[in-house]
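Asker: File name final-v3.json; file contents JSON, N, CA and C atoms; full text below.
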[["chain", "number", "residue", "atom", "x", "y", "z"],
["A", 1, "MET", "N", 0.85, -1.18, 0.00],
["A", 1, "MET", "CA", 0.00, 0.00, 0.00],
["A", 1, "MET", "C", 0.89, 1.24, 0.00],
["A", 2, "ASN", "N", 0.61, 2.17, -0.90],
["A", 2, "ASN", "CA", 1.33, 3.44, -0.95],
["A", 2, "ASN", "C", 0.62, 4.45, -0.08],
["A", 3, "ALA", "N", 1.29, 4.89, 0.97],
["A", 3, "ALA", "CA", 0.71, 5.93, 1.81],
["A", 3, "ALA", "C", 1.03, 7.28, 1.19],
["A", 4, "ARG", "N", 0.08, 8.16, 1.16],
["A", 4, "ARG", "CA", 0.29, 9.49, 0.60],
["A", 4, "ARG", "C", 1.10, 10.33, 1.58],
["A", 5, "VAL", "N", 2.13, 10.97, 1.07],
["A", 5, "VAL", "CA", 2.97, 11.84, 1.89],
["A", 5, "VAL", "C", 2.27, 13.19, 2.01],
["A", 6, "PRO", "N", 2.12, 13.71, 3.24],
["A", 6, "PRO", "CA", 1.47, 15.02, 3.40],
["A", 6, "PRO", "C", 2.20, 16.11, 2.61],
["A", 7, "ARG", "N", 1.44, 17.04, 2.06],
["A", 7, "ARG", "CA", 2.02, 18.09, 1.22],
["A", 7, "ARG", "C", 3.10, 18.89, 1.93],
["A", 8, "HIS", "N", 2.91, 19.17, 3.21],
["A", 8, "HIS", "CA", 3.91, 19.99, 3.91],
["A", 8, "HIS", "C", 5.25, 19.27, 4.03],
["A", 9, "LEU", "N", 5.27, 17.94, 3.85],
["A", 9, "LEU", "CA", 6.52, 17.19, 3.85],
["A", 9, "LEU", "C", 7.11, 17.05, 2.44],
["A", 10, "GLN", "N", 6.31, 17.33, 1.42],
["A", 10, "GLN", "CA", 6.78, 17.23, 0.04],
["A", 10, "GLN", "C", 7.52, 18.48, -0.41],
["A", 11, "CYS", "N", 7.25, 19.60, 0.22],
["A", 11, "CYS", "CA", 7.79, 20.89, -0.21],
["A", 11, "CYS", "C", 8.69, 21.46, 0.87],
["A", 12, "SER", "N", 9.81, 21.98, 0.44],
["A", 12, "SER", "CA", 10.69, 22.66, 1.38],
["A", 12, "SER", "C", 10.86, 24.11, 0.94],
["A", 13, "ASP", "N", 11.39, 24.95, 1.80],
["A", 13, "ASP", "CA", 11.62, 26.35, 1.44],
["A", 13, "ASP", "C", 12.52, 26.40, 0.21],
["A", 14, "GLY", "N", 12.15, 27.23, -0.74],
["A", 14, "GLY", "CA", 12.94, 27.38, -1.95],
["A", 14, "GLY", "C", 12.65, 26.34, -3.02],
["A", 15, "ALA", "N", 11.70, 25.45, -2.78],
["A", 15, "ALA", "CA", 11.37, 24.40, -3.75],
["A", 15, "ALA", "C", 10.72, 25.01, -4.99],
["A", 16, "LEU", "N", 10.97, 24.41, -6.13],
["A", 16, "LEU", "CA", 10.33, 24.80, -7.38],
["A", 16, "LEU", "C", 9.23, 23.79, -7.66],
["A", 17, "LEU", "N", 8.01, 24.26, -7.78],
["A", 17, "LEU", "CA", 6.86, 23.38, -7.95],
["A", 17, "LEU", "C", 6.16, 23.65, -9.26],
["A", 18, "HIS", "N", 5.64, 22.59, -9.86],
["A", 18, "HIS", "CA", 4.76, 22.71, -11.02],
["A", 18, "HIS", "C", 3.38, 22.30, -10.51],
["A", 19, "MET", "N", 2.41, 23.22, -10.63],
["A", 19, "MET", "CA", 1.08, 22.92, -10.14],
["A", 19, "MET", "C", 0.09, 22.96, -11.29],
["A", 20, "TYR", "N", -0.90, 22.11, -11.23],
["A", 20, "TYR", "CA", -1.91, 21.99, -12.27],
["A", 20, "TYR", "C", -3.27, 21.89, -11.61],
["A", 21, "TRP", "N", -4.20, 22.68, -12.09],
["A", 21, "TRP", "CA", -5.56, 22.61, -11.58],
["A", 21, "TRP", "C", -6.50, 22.52, -12.76],
["A", 22, "HIS", "N", -7.23, 21.45, -12.85],
["A", 22, "HIS", "CA", -8.22, 21.27, -13.90],
["A", 22, "HIS", "C", -9.51, 21.89, -13.39],
["A", 23, "CYS", "N", -9.83, 23.10, -13.87],
["A", 23, "CYS", "CA", -10.95, 23.83, -13.27],
["A", 23, "CYS", "C", -12.29, 23.51, -13.94],
["A", 24, "THR", "N", -12.77, 22.33, -13.61],
["A", 24, "THR", "CA", -14.12, 21.93, -14.01],
["A", 24, "THR", "C", -14.84, 21.37, -12.79],
["A", 25, "ASN", "N", -16.14, 21.35, -12.87],
["A", 25, "ASN", "CA", -16.90, 20.76, -11.77],
["A", 25, "ASN", "C", -17.13, 19.28, -12.05],
["A", 26, "HIS", "N", -17.95, 18.65, -11.27],
["A", 26, "HIS", "CA", -18.16, 17.20, -11.38],
["A", 26, "HIS", "C", -18.79, 16.76, -12.70],
["A", 27, "VAL", "N", -19.41, 17.68, -13.44],
["A", 27, "VAL", "CA", -19.98, 17.33, -14.75],
["A", 27, "VAL", "C", -19.14, 17.92, -15.89],
["A", 28, "LYS", "N", -17.87, 18.20, -15.61],
["A", 28, "LYS", "CA", -16.89, 18.67, -16.61],
["A", 28, "LYS", "C", -17.24, 20.03, -17.21],
["A", 29, "GLN", "N", -17.96, 20.86, -16.47],
["A", 29, "GLN", "CA", -18.28, 22.21, -16.91],
["A", 29, "GLN", "C", -17.13, 23.12, -16.48],
["A", 30, "TYR", "N", -16.58, 23.88, -17.43],
["A", 30, "TYR", "CA", -15.47, 24.78, -17.14],
["A", 30, "TYR", "C", -15.92, 25.86, -16.15],
["A", 31, "LEU", "N", -15.18, 26.01, -15.05],
["A", 31, "LEU", "CA", -15.62, 26.89, -13.97],
["A", 31, "LEU", "C", -15.26, 28.37, -14.17],
["A", 32, "LEU", "N", -14.32, 28.66, -15.06],
["A", 32, "LEU", "CA", -13.91, 30.05, -15.23],
["A", 32, "LEU", "C", -14.36, 30.62, -16.58],
["A", 33, "GLU", "N", -15.53, 30.20, -17.05],
["A", 33, "GLU", "CA", -16.05, 30.72, -18.32],
["A", 33, "GLU", "C", -16.32, 32.21, -18.24],
["A", 34, "ASN", "N", -16.83, 32.64, -17.13],
["A", 34, "ASN", "CA", -17.18, 34.04, -16.93],
["A", 34, "ASN", "C", -15.91, 34.86, -16.69],
["A", 35, "ASP", "N", -15.74, 35.96, -17.43],
["A", 35, "ASP", "CA", -14.54, 36.79, -17.28],
["A", 35, "ASP", "C", -14.39, 37.36, -15.88],
["A", 36, "SER", "N", -15.50, 37.64, -15.20],
["A", 36, "SER", "CA", -15.40, 38.18, -13.84],
["A", 36, "SER", "C", -14.85, 37.12, -12.87],
["A", 37, "LEU", "N", -15.14, 35.85, -13.12],
["A", 37, "LEU", "CA", -14.56, 34.78, -12.29],
["A", 37, "LEU", "C", -13.06, 34.64, -12.54],
["A", 38, "LYS", "N", -12.65, 34.81, -13.80],
["A", 38, "LYS", "CA", -11.21, 34.79, -14.11],
["A", 38, "LYS", "C", -10.51, 35.94, -13.39],
["A", 39, "GLU", "N", -11.11, 37.11, -13.42],
["A", 39, "GLU", "CA", -10.53, 38.27, -12.74],
["A", 39, "GLU", "C", -10.42, 38.04, -11.23],
["A", 40, "LEU", "N", -11.47, 37.47, -10.64],
["A", 40, "LEU", "CA", -11.44, 37.17, -9.21],
["A", 40, "LEU", "C", -10.32, 36.17, -8.91],
["A", 41, "TYR", "N", -10.19, 35.14, -9.72],
["A", 41, "TYR", "CA", -9.13, 34.15, -9.52],
["A", 41, "TYR", "C", -7.76, 34.82, -9.58],
["A", 42, "LEU", "N", -7.54, 35.68, -10.58],
["A", 42, "LEU", "CA", -6.25, 36.36, -10.71],
["A", 42, "LEU", "C", -5.99, 37.30, -9.53],
["A", 43, "GLU", "N", -7.02, 37.96, -9.03],
["A", 43, "GLU", "CA", -6.87, 38.81, -7.84],
["A", 43, "GLU", "C", -6.46, 37.97, -6.62],
["A", 44, "LEU", "N", -7.07, 36.80, -6.46],
["A", 44, "LEU", "CA", -6.72, 35.93, -5.34],
["A", 44, "LEU", "C", -5.29, 35.40, -5.47],
["A", 45, "VAL", "N", -4.88, 35.04, -6.69],
["A", 45, "VAL", "CA", -3.50, 34.60, -6.90],
["A", 45, "VAL", "C", -2.54, 35.71, -6.50],
["A", 46, "ALA", "N", -2.82, 36.94, -6.94],
["A", 46, "ALA", "CA", -1.95, 38.06, -6.61],
["A", 46, "ALA", "C", -1.91, 38.32, -5.10],
["A", 47, "LYS", "N", -3.07, 38.24, -4.45],
["A", 47, "LYS", "CA", -3.15, 38.46, -3.00],
["A", 47, "LYS", "C", -2.29, 37.46, -2.24],
["A", 48, "TYR", "N", -2.47, 36.17, -2.54],
["A", 48, "TYR", "CA", -1.76, 35.14, -1.79],
["A", 48, "TYR", "C", -0.30, 35.02, -2.20],
["A", 49, "LYS", "N", 0.00, 35.40, -3.44],
["A", 49, "LYS", "CA", 1.39, 35.46, -3.88],
["A", 49, "LYS", "C", 2.15, 36.45, -3.00],
["A", 50, "LYS", "N", 1.54, 37.60, -2.80],
["A", 50, "LYS", "CA", 2.16, 38.64, -1.98],
["A", 50, "LYS", "C", 2.17, 38.23, -0.49],
["A", 51, "GLN", "N", 1.04, 37.73, 0.00],
["A", 51, "GLN", "CA", 0.90, 37.38, 1.41],
["A", 51, "GLN", "C", 1.91, 36.31, 1.84],
["A", 52, "TYR", "N", 2.14, 35.31, 0.97],
["A", 52, "TYR", "CA", 3.01, 34.20, 1.33],
["A", 52, "TYR", "C", 4.38, 34.28, 0.66],
["A", 53, "ASP", "N", 4.68, 35.42, 0.03],
["A", 53, "ASP", "CA", 5.97, 35.66, -0.62],
["A", 53, "ASP", "C", 6.33, 34.51, -1.57],
["A", 54, "ILE", "N", 5.40, 34.22, -2.47],
["A", 54, "ILE", "CA", 5.58, 33.15, -3.46],
["A", 54, "ILE", "C", 6.13, 33.76, -4.73],
["A", 55, "LYS", "N", 7.16, 33.15, -5.28],
["A", 55, "LYS", "CA", 7.68, 33.58, -6.58],
["A", 55, "LYS", "C", 6.95, 32.78, -7.65],
["A", 56, "LEU", "N", 6.14, 33.45, -8.41],
["A", 56, "LEU", "CA", 5.36, 32.81, -9.46],
["A", 56, "LEU", "C", 6.10, 33.02, -10.77],
["A", 57, "VAL", "N", 6.58, 31.95, -11.37],
["A", 57, "VAL", "CA", 7.40, 32.06, -12.57],
["A", 57, "VAL", "C", 6.54, 32.27, -13.81],
["A", 58, "ASP", "N", 5.46, 31.52, -13.96],
["A", 58, "ASP", "CA", 4.61, 31.63, -15.13],
["A", 58, "ASP", "C", 3.30, 30.90, -14.85],
["A", 59, "PHE", "N", 2.25, 31.31, -15.53],
["A", 59, "PHE", "CA", 0.99, 30.58, -15.44],
["A", 59, "PHE", "C", 0.16, 30.87, -16.67],
["A", 60, "ALA", "N", -0.84, 30.06, -16.91],
["A", 60, "ALA", "CA", -1.75, 30.26, -18.03],
["A", 60, "ALA", "C", -3.14, 29.79, -17.62],
["A", 61, "LEU", "N", -4.14, 30.55, -18.02],
["A", 61, "LEU", "CA", -5.54, 30.13, -17.87],
["A", 61, "LEU", "C", -6.02, 29.76, -19.26],
["A", 62, "LEU", "N", -6.45, 28.53, -19.44],
["A", 62, "LEU", "CA", -6.85, 28.06, -20.76],
["A", 62, "LEU", "C", -8.33, 27.70, -20.77],
["A", 63, "ASP", "N", -8.99, 28.09, -21.82],
["A", 63, "ASP", "CA", -10.34, 27.60, -22.08],
["A", 63, "ASP", "C", -10.44, 27.35, -23.58],
["A", 64, "ASN", "N", -11.60, 27.08, -24.09],
["A", 64, "ASN", "CA", -11.74, 26.77, -25.52],
["A", 64, "ASN", "C", -11.61, 28.00, -26.40],
["A", 65, "GLN", "N", -11.77, 29.17, -25.84],
["A", 65, "GLN", "CA", -11.80, 30.38, -26.65],
["A", 65, "GLN", "C", -10.48, 31.14, -26.66],
["A", 66, "ARG", "N", -9.90, 31.34, -25.49],
["A", 66, "ARG", "CA", -8.75, 32.21, -25.35],
["A", 66, "ARG", "C", -7.71, 31.62, -24.43],
["A", 67, "LYS", "N", -6.51, 32.15, -24.50],
["A", 67, "LYS", "CA", -5.46, 31.78, -23.58],
["A", 67, "LYS", "C", -5.03, 33.05, -22.84],
["A", 68, "TYR", "N", -5.07, 33.00, -21.51],
["A", 68, "TYR", "CA", -4.61, 34.10, -20.69],
["A", 68, "TYR", "C", -3.26, 33.65, -20.11],
["A", 69, "SER", "N", -2.22, 34.34, -20.46],
["A", 69, "SER", "CA", -0.91, 33.94, -19.99],
["A", 69, "SER", "C", -0.20, 35.14, -19.42],
["A", 70, "CYS", "N", 0.62, 34.89, -18.44],
["A", 70, "CYS", "CA", 1.32, 35.98, -17.78],
["A", 70, "CYS", "C", 2.68, 35.49, -17.32],
["A", 71, "ASN", "N", 3.67, 36.32, -17.45],
["A", 71, "ASN", "CA", 4.98, 36.05, -16.89],
["A", 71, "ASN", "C", 5.20, 37.12, -15.83],
["A", 72, "PRO", "N", 4.82, 36.86, -14.60],
["A", 72, "PRO", "CA", 4.77, 37.89, -13.57],
["A", 72, "PRO", "C", 6.11, 38.21, -12.91],
["A", 73, "ALA", "N", 7.21, 37.82, -13.51],
["A", 73, "ALA", "CA", 8.53, 38.06, -12.91],
["A", 73, "ALA", "C", 8.73, 39.52, -12.75]]
What does the file become when written as structure tokens?
Answerer:
Amino acid sequence: MNARVPRHLQCSDGALLHMYWHCTNHVKQYLLENDSLKELYLELVAKYKKQYDIKLVDFALLDNQRKYSCNPA
């Protein structure tokens, strides 16, 4: 049996992480279709990036219509 290692033990200070979030609900409906929800998500990323002193190298929000990409360095 593989026991899952708690996240706080997987990451150390200065670690470089690749994170992926598939933003759909249980019926595969894209959750950030509305532009105001995308804006809210980006505001929260900025807030917690600053609050926790996270260095965000790059990210992209993808849907079927457009690609939102940012290099916030």
Asker: Give me, please, the distance in Å between CA of His22 in chain A and atom N of Ala60 in chain A, quoted to one decimal.
Answerer: 11.9 Å
Asker: One decimal, in Å: what's the spacing between CA of Val57 in chain A and atom N of Pro6 in chain A?
Answerer: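 Value for the CA of Val57 in chain A-atom N of Pro6 in chain A distance: 24.8 Å.
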Asker: Would you be able to write out as a ChimeraX atom specification which residues have an atom within 8 Å of (-10.9, 29.3, -11.4) in the file's coordinates, counting all atoms listed in the file?
Answerer: /A:22-24,30-33,37-38,40-42
Asker: Taking the backbone alone, and naming residues the way the document does, which bits of chain A are strand (DSSP E or B) by DSSP, as number ranges by chain?
Answerer: A: 24, 30, 59-62, 67-70
Asker: To one decimal in Å, tell me the separation between atom N of His18 in chain A and atom N of Ala3 in chain A.
Answerer: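 Answer for the atom N of His18 in chain A to atom N of Ala3 in chain A separation: 21.2 Å.
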Asker: Could you write out, as a list in words, all the residues of chain A that DSSP marks as alpha helix (DSSP H)?
Answerer: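 For chain A, the alpha helix (DSSP H) set is Arg7, His8, Leu9, Gln10, Asp35, Ser36, Leu37, Lys38, Glu39, Leu40, Tyr41, Leu42, Glu43, Leu44, Val45, Ala46, Lys47, Tyr48, Lys49, Lys50 and Gln51 of chain A.
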Asker: Based on the selection just made, write N, CA and C atoms of those residues as a short mmCIF file (atom, residue, chain, number, x, y, z; two decimals), keeping the file's coordinate frame.
Answerer:
data_model
loop_
_atom_site.label_atom_id
_atom_site.label_comp_id
_atom_site.auth_asym_id
_atom_site.auth_seq_id
_atom_site.Cartn_x
_atom_site.Cartn_y
_atom_site.Cartn_z
N ARG A 7 1.44 17.04 2.06
CA ARG A 7 2.02 18.09 1.22
C ARG A 7 3.10 18.89 1.93
N HIS A 8 2.91 19.17 3.21
CA HIS A 8 3.91 19.99 3.91
C HIS A 8 5.25 19.27 4.03
N LEU A 9 5.27 17.94 3.85
CA LEU A 9 6.52 17.19 3.85
C LEU A 9 7.11 17.05 2.44
N GLN A 10 6.31 17.33 1.42
CA GLN A 10 6.78 17.23 0.04
C GLN A 10 7.52 18.48 -0.41
N ASP A 35 -15.74 35.96 -17.43
CA ASP A 35 -14.54 36.79 -17.28
C ASP A 35 -14.39 37.36 -15.88
N SER A 36 -15.50 37.64 -15.20
CA SER A 36 -15.40 38.18 -13.84
C SER A 36 -14.85 37.12 -12.87
N LEU A 37 -15.14 35.85 -13.12
CA LEU A 37 -14.56 34.78 -12.29
C LEU A 37 -13.06 34.64 -12.54
N LYS A 38 -12.65 34.81 -13.80
CA LYS A 38 -11.21 34.79 -14.11
C LYS A 38 -10.51 35.94 -13.39
N GLU A 39 -11.11 37.11 -13.42
CA GLU A 39 -10.53 38.27 -12.74
C GLU A 39 -10.42 38.04 -11.23
N LEU A 40 -11.47 37.47 -10.64
CA LEU A 40 -11.44 37.17 -9.21
C LEU A 40 -10.32 36.17 -8.91
N TYR A 41 -10.19 35.14 -9.72
CA TYR A 41 -9.13 34.15 -9.52
C TYR A 41 -7.76 34.82 -9.58
N LEU A 42 -7.54 35.68 -10.58
CA LEU A 42 -6.25 36.36 -10.71
C LEU A 42 -5.99 37.30 -9.53
N GLU A 43 -7.02 37.96 -9.03
CA GLU A 43 -6.87 38.81 -7.84
C GLU A 43 -6.46 37.97 -6.62
N LEU A 44 -7.07 36.80 -6.46
CA LEU A 44 -6.72 35.93 -5.34
C LEU A 44 -5.29 35.40 -5.47
N VAL A 45 -4.88 35.04 -6.69
CA VAL A 45 -3.50 34.60 -6.90
C VAL A 45 -2.54 35.71 -6.50
N ALA A 46 -2.82 36.94 -6.94
CA ALA A 46 -1.95 38.06 -6.61
C ALA A 46 -1.91 38.32 -5.10
N LYS A 47 -3.07 38.24 -4.45
CA LYS A 47 -3.15 38.46 -3.00
C LYS A 47 -2.29 37.46 -2.24
N TYR A 48 -2.47 36.17 -2.54
CA TYR A 48 -1.76 35.14 -1.79
C TYR A 48 -0.30 35.02 -2.20
N LYS A 49 0.00 35.40 -3.44
CA LYS A 49 1.39 35.46 -3.88
C LYS A 49 2.15 36.45 -3.00
N LYS A 50 1.54 37.60 -2.80
CA LYS A 50 2.16 38.64 -1.98
C LYS A 50 2.17 38.23 -0.49
N GLN A 51 1.04 37.73 0.00
CA GLN A 51 0.90 37.38 1.41
C GLN A 51 1.91 36.31 1.84
#
